[in-house]
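Colleague: Structure file target.txt, compact mmCIF, C-alpha atoms, is pasted below:
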```
# COMPACT_ATOMS: atom_id res chain seq x y z
CA MET A 221 -107.96 -56.99 50.78
CA PRO A 222 -107.00 -60.38 49.33
CA SER A 223 -103.48 -60.77 47.96
CA PRO A 224 -102.94 -60.62 44.18
CA LEU A 225 -102.17 -64.34 44.23
CA ALA A 226 -105.48 -65.11 45.96
CA LEU A 227 -107.29 -62.99 43.37
CA LEU A 228 -105.49 -64.85 40.58
CA TYR A 229 -106.48 -68.20 42.08
CA GLY A 230 -110.05 -66.90 42.32
CA LEU A 231 -110.05 -65.88 38.66
CA LEU A 232 -108.59 -69.25 37.67
CA GLY A 233 -111.31 -71.02 39.64
CA ILE A 234 -114.11 -68.92 38.15
CA THR A 235 -112.80 -69.50 34.62
CA ILE A 236 -112.54 -73.26 35.12
CA VAL A 237 -116.05 -73.41 36.60
CA LEU A 238 -117.46 -71.41 33.66
CA LEU A 239 -115.72 -73.67 31.15
CA VAL A 240 -116.99 -76.83 32.81
CA LEU A 241 -120.48 -75.35 33.06
CA ILE A 242 -120.59 -74.51 29.36
CA LEU A 243 -119.18 -77.90 28.38
CA ALA A 244 -121.76 -79.64 30.57
CA ARG A 245 -124.71 -77.40 29.62
CA PRO A 246 -124.04 -76.11 26.08
CA SER A 247 -127.64 -74.91 25.77
CA ILE A 248 -126.79 -71.84 27.84
CA THR A 249 -124.83 -70.45 24.87
CA VAL A 250 -127.99 -70.12 22.74
CA SER A 251 -128.86 -66.66 24.05
CA ILE A 252 -126.78 -63.54 23.38
CA GLY A 253 -125.80 -63.44 27.07
CA GLY A 254 -124.70 -67.08 26.85
CA LYS A 255 -122.58 -66.33 23.80
CA ILE A 256 -120.89 -63.46 25.62
CA LEU A 257 -120.32 -65.77 28.59
CA ALA A 258 -118.79 -68.39 26.28
CA PHE A 259 -116.47 -65.77 24.75
CA LEU A 260 -115.39 -64.70 28.22
CA ALA A 261 -114.80 -68.29 29.36
CA PHE A 262 -113.09 -69.54 26.19
CA CYS A 263 -111.07 -66.48 25.25
CA ALA A 264 -110.98 -63.33 27.39
CA LEU A 265 -110.57 -64.88 30.86
CA PRO A 266 -107.96 -67.51 29.84
CA VAL A 267 -105.88 -64.79 28.15
CA LEU A 268 -106.21 -62.60 31.27
CA CYS A 269 -105.23 -65.55 33.49
CA GLY A 270 -102.22 -66.30 31.28
CA VAL A 271 -100.93 -62.72 31.27
CA TRP A 272 -101.52 -62.33 35.01
CA GLY A 273 -99.85 -65.66 35.72
CA LEU A 274 -96.84 -64.72 33.61
CA SER A 275 -96.53 -61.44 35.51
CA GLU A 276 -96.78 -63.30 38.83
CA HIS A 277 -94.07 -65.77 37.79
CA PHE A 278 -91.81 -62.91 36.67
CA GLU A 279 -92.25 -61.23 40.05
CA ARG A 280 -91.45 -64.50 41.83
CA SER A 281 -88.30 -65.00 39.79
CA LYS A 282 -86.87 -61.88 41.48
CA GLN A 283 -86.82 -63.73 44.79
CA THR A 284 -83.51 -64.80 46.26
CA SER A 285 -84.91 -68.30 46.88
CA PHE A 286 -85.73 -68.61 43.16
CA CYS A 287 -82.11 -67.94 42.15
CA LEU A 288 -80.70 -70.16 44.87
CA SER A 289 -82.96 -73.09 43.98
CA CYS A 290 -80.36 -74.10 41.37
CA HIS A 291 -77.62 -76.23 42.91
CA ILE A 292 -74.79 -74.30 41.30
CA MET A 293 -75.92 -71.09 42.99
CA GLY A 294 -75.63 -72.57 46.50
CA SER A 295 -72.13 -71.24 47.19
CA TYR A 296 -73.16 -67.80 45.95
CA GLY A 297 -76.03 -67.89 48.41
CA ARG A 298 -73.65 -68.83 51.23
CA SER A 299 -71.39 -65.94 50.26
CA LEU A 300 -74.19 -63.62 51.37
CA TYR A 301 -73.71 -64.94 54.92
CA VAL A 302 -69.92 -64.48 55.18
CA ASP A 303 -69.17 -62.79 58.49
CA ASP A 304 -66.81 -60.22 56.99
CA MET A 305 -67.99 -56.78 56.01
CA ASN A 306 -65.26 -56.46 53.36
CA HIS A 307 -67.37 -58.82 51.25
CA ILE A 308 -69.59 -56.37 49.39
CA PRO A 309 -72.59 -58.68 48.73
CA ALA A 310 -72.53 -59.96 52.33
CA ALA A 311 -72.36 -56.45 53.80
CA HIS A 312 -75.28 -55.31 51.67
CA PHE A 313 -77.37 -58.42 52.32
CA GLN A 314 -76.81 -58.67 56.07
CA ASN A 315 -77.37 -54.97 56.71
CA HIS A 316 -80.47 -54.86 54.50
CA ARG A 317 -78.98 -52.23 52.22
CA ILE A 318 -80.71 -54.32 49.59
CA PRO A 319 -84.00 -56.21 50.11
CA ALA A 320 -82.94 -59.59 51.53
CA ASP A 321 -85.69 -61.46 49.69
CA GLU A 322 -84.67 -59.95 46.33
CA ALA A 323 -80.93 -59.78 46.93
CA CYS A 324 -79.74 -61.29 43.64
CA TYR A 325 -82.09 -59.32 41.43
CA THR A 326 -81.29 -55.99 43.11
CA CYS A 327 -77.66 -56.10 41.98
CA HIS A 328 -78.15 -58.12 38.77
CA THR A 329 -81.07 -56.31 37.18
CA ASP A 330 -80.23 -57.36 33.65
CA TYR A 331 -79.71 -61.03 34.34
CA ALA A 332 -81.65 -64.22 33.49
CA MET A 333 -85.18 -62.99 32.68
CA TYR A 334 -84.57 -59.28 33.25
CA GLY A 335 -83.38 -57.75 30.05
CA THR A 336 -83.42 -58.18 26.31
CA ILE A 337 -84.64 -61.27 24.45
CA GLY A 338 -81.04 -62.49 24.35
CA VAL A 339 -80.82 -62.24 28.13
CA LYS A 340 -84.11 -64.13 28.52
CA LEU A 341 -82.73 -66.90 26.31
CA HIS A 342 -79.69 -67.06 28.61
CA GLY A 343 -82.14 -67.55 31.50
CA LEU A 344 -83.82 -70.46 29.71
CA ARG A 345 -80.41 -71.92 28.90
CA HIS A 346 -79.55 -71.81 32.61
CA VAL A 347 -82.56 -74.04 33.31
CA TYR A 348 -81.49 -76.38 30.53
CA VAL A 349 -77.93 -76.81 31.76
CA GLN A 350 -79.11 -77.17 35.36
CA TYR A 351 -81.22 -80.24 34.58
CA LEU A 352 -80.02 -81.63 31.25
CA GLY A 353 -76.57 -80.25 30.52
CA THR A 354 -73.33 -79.28 32.19
CA ALA A 355 -72.96 -75.86 33.69
CA MET A 356 -69.81 -73.83 33.12
CA ASN A 357 -67.39 -74.14 35.99
CA PRO A 358 -66.71 -71.66 37.44
CA ILE A 359 -69.77 -69.72 36.40
CA HIS A 360 -69.28 -66.11 35.42
CA LEU A 361 -71.26 -63.11 34.22
CA TYR A 362 -71.86 -62.83 30.48
CA GLU A 363 -70.85 -59.18 30.60
CA PRO A 364 -68.72 -57.19 33.06
CA PHE A 365 -70.63 -56.00 36.09
CA ASN A 366 -72.27 -52.67 35.30
CA ASN A 367 -71.69 -49.80 37.77
CA ARG A 368 -75.29 -48.81 37.13
CA GLU A 369 -76.31 -51.50 39.64
CA CYS A 370 -74.35 -49.69 42.38
CA LEU A 371 -75.19 -46.17 41.28
CA HIS A 372 -78.95 -46.62 41.20
CA CYS A 373 -78.80 -46.60 45.00
CA HIS A 374 -75.53 -44.84 45.82
CA GLU A 375 -75.68 -41.96 43.35
CA GLY A 376 -76.81 -38.85 45.18
CA ALA A 377 -76.17 -40.33 48.63
CA ARG A 378 -74.28 -37.98 50.95
CA SER A 379 -71.96 -40.71 52.17
CA PHE A 380 -71.08 -41.68 48.60
CA GLU A 381 -70.60 -38.32 46.91
CA ASP A 382 -67.49 -37.46 48.90
CA ASP A 383 -63.97 -36.39 47.96
CA THR A 384 -63.12 -39.93 46.90
CA HIS A 385 -65.99 -40.69 44.54
CA THR A 386 -66.97 -37.28 43.16
CA PRO A 387 -63.79 -36.71 41.07
CA MET A 388 -64.22 -40.09 39.36
CA MET A 389 -68.01 -39.95 38.91
CA ASP A 390 -67.90 -39.59 35.13
CA MET A 391 -65.64 -42.61 34.81
CA LEU A 392 -67.90 -44.61 37.12
CA LYS A 393 -71.01 -43.68 35.15
CA SER A 394 -69.39 -44.66 31.87
CA ASN A 395 -68.00 -47.90 33.32
CA GLN A 396 -64.44 -46.89 32.43
CA LEU A 397 -63.68 -47.52 36.09
CA SER A 398 -65.37 -50.49 37.70
CA CYS A 399 -66.63 -50.27 41.28
CA ILE A 400 -65.80 -53.92 41.93
CA SER A 401 -62.84 -54.81 39.75
CA SER A 402 -60.62 -51.74 39.85
CA GLY A 403 -59.12 -52.38 43.24
CA CYS A 404 -61.57 -50.42 45.38
CA HIS A 405 -64.40 -52.77 46.33
CA ASP A 406 -63.08 -55.96 44.81
CA THR A 407 -64.18 -58.59 47.33
CA VAL A 408 -67.48 -59.80 46.00
CA HIS A 409 -68.69 -63.42 45.74
CA ASN A 410 -65.36 -64.87 46.78
CA ILE A 411 -66.60 -68.46 46.70
CA ASP A 412 -63.14 -70.05 46.42
CA ALA A 413 -62.30 -68.74 49.89
CA LEU A 414 -65.73 -69.32 51.36
CA GLY A 415 -64.49 -71.97 53.79
CA LYS A 416 -61.99 -69.57 55.37
CA PHE A 417 -64.66 -67.28 56.74
CA LYS A 418 -67.11 -67.72 59.55
CA GLN A 419 -70.74 -67.75 58.46
CA TRP A 420 -73.11 -65.22 59.96
CA SER A 421 -76.24 -66.71 61.43
CA PRO A 422 -79.18 -64.30 61.68
CA ALA A 423 -80.70 -64.13 65.16
CA ASN A 424 -84.25 -65.32 65.22
CA MET B 669 -128.38 -79.24 21.73
CA GLY B 670 -124.92 -80.67 21.10
CA ILE B 671 -121.69 -78.77 21.31
CA PRO B 672 -119.29 -78.67 18.36
CA ARG B 673 -116.33 -80.98 18.78
CA ALA B 674 -113.83 -78.15 18.37
CA PHE B 675 -115.45 -76.28 21.28
CA ARG B 676 -115.23 -79.36 23.48
CA ILE B 677 -111.56 -79.87 22.64
CA SER B 678 -110.91 -76.16 23.15
CA GLY B 679 -112.63 -76.27 26.54
CA VAL B 680 -110.64 -79.29 27.65
CA LEU B 681 -107.35 -77.70 26.51
CA LEU B 682 -108.20 -74.51 28.39
CA VAL B 683 -109.09 -76.37 31.58
CA LEU B 684 -105.80 -78.29 31.35
CA GLY B 685 -103.88 -75.05 30.76
CA LEU B 686 -105.56 -73.26 33.66
CA CYS B 687 -104.97 -76.24 35.98
CA THR B 688 -101.29 -76.29 34.95
CA GLU B 689 -101.06 -72.57 35.74
CA ALA B 690 -102.74 -73.03 39.12
CA ILE B 691 -100.41 -75.90 40.05
CA SER B 692 -97.28 -74.08 38.84
CA LEU B 693 -98.11 -71.08 41.04
CA ARG B 694 -97.63 -73.24 44.14
CA TRP B 695 -93.82 -73.19 43.78
CA VAL B 696 -91.15 -70.50 43.50
CA HIS B 697 -88.85 -72.48 41.25
CA PRO B 698 -87.48 -72.26 37.70
CA LEU B 699 -89.20 -75.54 36.77
CA ALA B 700 -92.54 -74.11 37.90
CA PHE B 701 -91.95 -71.19 35.56
CA ILE B 702 -91.04 -73.52 32.70
CA ALA B 703 -94.11 -75.70 33.38
CA PHE B 704 -96.30 -72.62 33.37
CA PHE B 705 -94.73 -71.11 30.25
CA VAL B 706 -94.24 -74.20 28.10
CA ILE B 707 -97.01 -76.61 29.13
CA GLY B 708 -99.64 -74.21 30.45
CA GLY B 709 -98.94 -71.64 27.75
CA ALA B 710 -99.21 -74.25 25.00
CA PHE B 711 -102.55 -75.55 26.33
CA LEU B 712 -103.95 -72.04 26.73
CA ALA B 713 -102.76 -70.84 23.32
CA ALA B 714 -104.08 -73.98 21.60
CA GLY B 715 -107.41 -73.72 23.43
CA VAL B 716 -107.97 -70.05 22.62
CA LEU B 717 -106.85 -70.40 19.01
CA LEU B 718 -109.04 -73.46 18.48
CA PHE B 719 -112.00 -71.60 19.95
CA LEU B 720 -111.42 -68.59 17.68
CA TYR B 721 -110.87 -70.85 14.66
CA SER B 722 -114.09 -72.72 15.34
CA LEU B 723 -115.95 -69.39 15.64
CA VAL B 724 -114.69 -68.33 12.23
CA GLY B 725 -115.60 -71.66 10.70
CA MET B 726 -119.04 -71.80 12.30
CA ARG B 727 -121.98 -71.56 9.90
CA PRO B 728 -124.53 -68.87 10.87
CA ALA B 729 -127.75 -70.33 12.30
CA ARG B 730 -130.03 -68.52 9.83
CA ASP B 731 -128.48 -70.39 6.87
CA THR B 732 -130.27 -73.51 7.97
CA HIS B 733 -133.64 -71.72 8.15
CA ASP B 734 -133.12 -70.02 4.78
CA SER B 735 -132.26 -73.21 2.97
CA GLY B 736 -135.14 -75.01 4.66
CA GLY B 737 -137.59 -72.27 3.65
CA ASN B 738 -136.55 -72.19 0.02
```
Could you show the structure in this file as structure tokens?
Modeller:
Amino acid sequence: MPSPLALLYGLLGITIVLLVLILARPSITVSIGGKILAFLAFCALPVLCGVWGLSEHFERSKQTSFCLSCHIMGSYGRSLYVDDMNHIPAAHFQNHRIPADEACYTCHTDYAMYGTIGVKLHGLRHVYVQYLGTAMNPIHLYEPFNNRECLHCHEGARSFEDDTHTPMMDMLKSNQLSCISSGCHDTVHNIDALGKFKQWSPAN
Amino acid sequence: MGIPRAFRISGVLLVLGLCTEAISLRWVHPLAFIAFFVIGGAFLAAGVLLFLYSLVGMRPARDTHDSGGN
């Protein structure tokens, strides 16, 4: 079975060939069948290609390499390779507790393109400041980190729902107590101290 | 038989939009997304809208026969 991307390329190719054919031989649109073909080539297929392409680009923007392609994100990418399991993102990334190729998106599900219109505009602004403006330094989240990102995996897990976490579950769910900034798991992307730690190198 | 000018322009815009989409899909990069969304999307939207507009503005073929017959 061909991949979705190969199918999309195939559809793009077919649509372009149909368009060129109709432009070169307009007489084929005289018949009813030709008119239907012209409608497909000039309207239905381009719209389908556009929607499919947008969906494909959205899926790609979940990839870790997409996020790290901006220069300012480089140190955050390196923080995933810190050889110290007290660093929460590094421990999750290196042990594949999150998908390594979608590491950023897994814990930041409402960031850049993944959320409301306002959040999408933030994503477009990121591209603008990357190439034409000046990025904030240091960069920071627009809103405090939401415990939901932790709980969508940890909630219900035997190792998590223990005597430590169960009594505070309501406060965690309502974000009154933060998983990462209330003194419990507070070593996250510690990029200022990145040079002090050895970098883990995955074995090939 | 000739092809209305609006159809030709629409076809060219659509081909440009589809080519932009095909090229942008080669990279996993924010600029590829922007190229797809802004450039490709503009070409595709303009092409489809121009095609639909030209359909609405097209005179039915039988008008010519009717006026010729009367």
Colleague: Could you state the separation of atom CA of A:Lys282 and atom CA of A:Ala320 in Å, given to one decimal place?
Modeller: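 For atom CA of A:Lys282 relative to atom CA of A:Ala320, the distance reads 11.0 Å.
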Colleague: Identify every residue of chain A that has at least one atom within 8 Å of any atom of chain B, counting only C-alpha atoms, and report the result as a count of residues only.
Modeller: 23
Colleague: Could you check the closest approach to A:Met389 for each of A:Leu371, A:Ile308, A:Cys404, A:Ala261 and tell me which residue wins, using only C-alpha atoms?
Modeller: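 Among A:Leu371, A:Ile308, A:Cys404, A:Ala261, it is A:Leu371 that comes nearest to A:Met389.
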Colleague: How many Å lie between atom CA of A:Cys327 and atom CA of A:Phe313, rounded to one decimal?
Modeller: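 Going from atom CA of A:Cys327 over to atom CA of A:Phe313, I get 10.6 Å.
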Colleague: Taking only C-alpha atoms into account, which of A:Phe365, A:Tyr325, A:Ile248, A:Asp382 comes nearest A:Phe278?
Modeller: A:Tyr325
Colleague: One decimal, in Å: what's the spacing between atom CA of A:Glu276 and atom CA of A:Ile359?
Modeller: 27.9 Å
Colleague: Assuming 5 Å of padding per side, give the centre and edge lengths of the axis-aligned box around every listed atom of stretch 276-294 of chain A, in Å to one decimal and as AutoDock Vina command-line options.
Modeller:
```
--center_x -85.8 --center_y -68.7 --center_z 41.8 --size_x 32.0 --size_y 25.0 --size_z 20.2
```
Colleague: With distances taken over all atoms listed in the file, which of A:Leu225, A:Thr354, A:Asp304, A:Ser299 is nearest to A:Glu279?
Modeller: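 Closest to A:Glu279 of all the choices is A:Leu225.
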Colleague: Taking N, CA and C atoms as the atom set, what does stretch 690-726 of chain B look like once completed, written as a tab-separated table (two decimals), in the frame of the given file?
Modeller:
```
chain	number	residue	atom	x	y	z
B	690	ALA	N	-102.44	-73.05	37.68
B	690	ALA	CA	-102.74	-73.03	39.12
B	690	ALA	C	-101.72	-73.86	39.90
B	691	ILE	N	-101.37	-75.03	39.35
B	691	ILE	CA	-100.41	-75.90	40.05
B	691	ILE	C	-99.02	-75.25	40.06
B	692	SER	N	-98.63	-74.65	38.92
B	692	SER	CA	-97.28	-74.08	38.84
B	692	SER	C	-97.11	-72.90	39.81
B	693	LEU	N	-98.20	-72.24	40.14
B	693	LEU	CA	-98.11	-71.08	41.04
B	693	LEU	C	-97.85	-71.49	42.48
B	694	ARG	N	-97.87	-72.78	42.76
B	694	ARG	CA	-97.63	-73.24	44.14
B	694	ARG	C	-96.15	-73.16	44.50
B	695	TRP	N	-95.26	-73.15	43.49
B	695	TRP	CA	-93.82	-73.19	43.78
B	695	TRP	C	-93.10	-71.97	43.24
B	696	VAL	N	-92.07	-71.54	43.99
B	696	VAL	CA	-91.15	-70.50	43.50
B	696	VAL	C	-89.91	-71.23	43.03
B	697	HIS	N	-89.90	-71.62	41.76
B	697	HIS	CA	-88.85	-72.48	41.25
B	697	HIS	C	-88.78	-72.33	39.73
B	698	PRO	N	-87.58	-72.38	39.16
B	698	PRO	CA	-87.48	-72.26	37.70
B	698	PRO	C	-88.33	-73.29	36.95
B	699	LEU	N	-88.41	-74.52	37.47
B	699	LEU	CA	-89.20	-75.54	36.77
B	699	LEU	C	-90.69	-75.20	36.79
B	700	ALA	N	-91.14	-74.54	37.85
B	700	ALA	CA	-92.54	-74.11	37.90
B	700	ALA	C	-92.80	-73.08	36.81
B	701	PHE	N	-91.82	-72.20	36.62
B	701	PHE	CA	-91.95	-71.19	35.56
B	701	PHE	C	-91.99	-71.86	34.19
B	702	ILE	N	-91.09	-72.82	33.99
B	702	ILE	CA	-91.04	-73.52	32.70
B	702	ILE	C	-92.35	-74.28	32.47
B	703	ALA	N	-92.84	-74.96	33.51
B	703	ALA	CA	-94.11	-75.70	33.38
B	703	ALA	C	-95.24	-74.76	33.00
B	704	PHE	N	-95.27	-73.60	33.68
B	704	PHE	CA	-96.30	-72.62	33.37
B	704	PHE	C	-96.18	-72.15	31.93
B	705	PHE	N	-94.95	-71.77	31.54
B	705	PHE	CA	-94.73	-71.11	30.25
B	705	PHE	C	-94.87	-72.10	29.10
B	706	VAL	N	-94.27	-73.26	29.22
B	706	VAL	CA	-94.24	-74.20	28.10
B	706	VAL	C	-95.52	-75.04	28.05
B	707	ILE	N	-95.85	-75.70	29.16
B	707	ILE	CA	-97.01	-76.61	29.13
B	707	ILE	C	-98.31	-75.82	29.22
B	708	GLY	N	-98.42	-74.99	30.28
B	708	GLY	CA	-99.64	-74.21	30.45
B	708	GLY	C	-99.88	-73.26	29.29
B	709	GLY	N	-98.81	-72.58	28.86
B	709	GLY	CA	-98.94	-71.64	27.75
B	709	GLY	C	-99.37	-72.32	26.47
B	710	ALA	N	-98.84	-73.52	26.22
B	710	ALA	CA	-99.21	-74.25	25.00
B	710	ALA	C	-100.69	-74.66	25.05
B	711	PHE	N	-101.13	-75.17	26.19
B	711	PHE	CA	-102.55	-75.55	26.33
B	711	PHE	C	-103.46	-74.33	26.15
B	712	LEU	N	-103.11	-73.24	26.81
B	712	LEU	CA	-103.95	-72.04	26.73
B	712	LEU	C	-103.99	-71.49	25.30
B	713	ALA	N	-102.81	-71.39	24.68
B	713	ALA	CA	-102.76	-70.84	23.32
B	713	ALA	C	-103.55	-71.74	22.37
B	714	ALA	N	-103.36	-73.05	22.48
B	714	ALA	CA	-104.08	-73.98	21.60
B	714	ALA	C	-105.58	-73.88	21.84
B	715	GLY	N	-105.98	-73.79	23.10
B	715	GLY	CA	-107.41	-73.72	23.43
B	715	GLY	C	-108.05	-72.46	22.88
B	716	VAL	N	-107.41	-71.32	23.09
B	716	VAL	CA	-107.97	-70.05	22.62
B	716	VAL	C	-107.99	-70.01	21.10
B	717	LEU	N	-106.90	-70.44	20.48
B	717	LEU	CA	-106.85	-70.40	19.01
B	717	LEU	C	-107.88	-71.35	18.40
B	718	LEU	N	-108.04	-72.52	19.00
B	718	LEU	CA	-109.04	-73.46	18.48
B	718	LEU	C	-110.44	-72.90	18.62
B	719	PHE	N	-110.69	-72.22	19.74
B	719	PHE	CA	-112.00	-71.60	19.95
B	719	PHE	C	-112.24	-70.53	18.88
B	720	LEU	N	-111.26	-69.66	18.67
B	720	LEU	CA	-111.42	-68.59	17.68
B	720	LEU	C	-111.57	-69.18	16.26
B	721	TYR	N	-110.79	-70.21	15.98
B	721	TYR	CA	-110.87	-70.85	14.66
B	721	TYR	C	-112.26	-71.47	14.45
B	722	SER	N	-112.78	-72.10	15.48
B	722	SER	CA	-114.09	-72.72	15.34
B	722	SER	C	-115.19	-71.66	15.21
B	723	LEU	N	-114.98	-70.49	15.81
B	723	LEU	CA	-115.95	-69.39	15.64
B	723	LEU	C	-115.98	-68.93	14.19
B	724	VAL	N	-114.79	-68.79	13.62
B	724	VAL	CA	-114.69	-68.33	12.23
B	724	VAL	C	-115.32	-69.35	11.28
B	725	GLY	N	-115.10	-70.61	11.59
B	725	GLY	CA	-115.60	-71.66	10.70
B	725	GLY	C	-117.05	-72.04	10.94
B	726	MET	N	-117.66	-71.42	11.97
B	726	MET	CA	-119.04	-71.80	12.30
B	726	MET	C	-120.03	-71.22	11.29
```
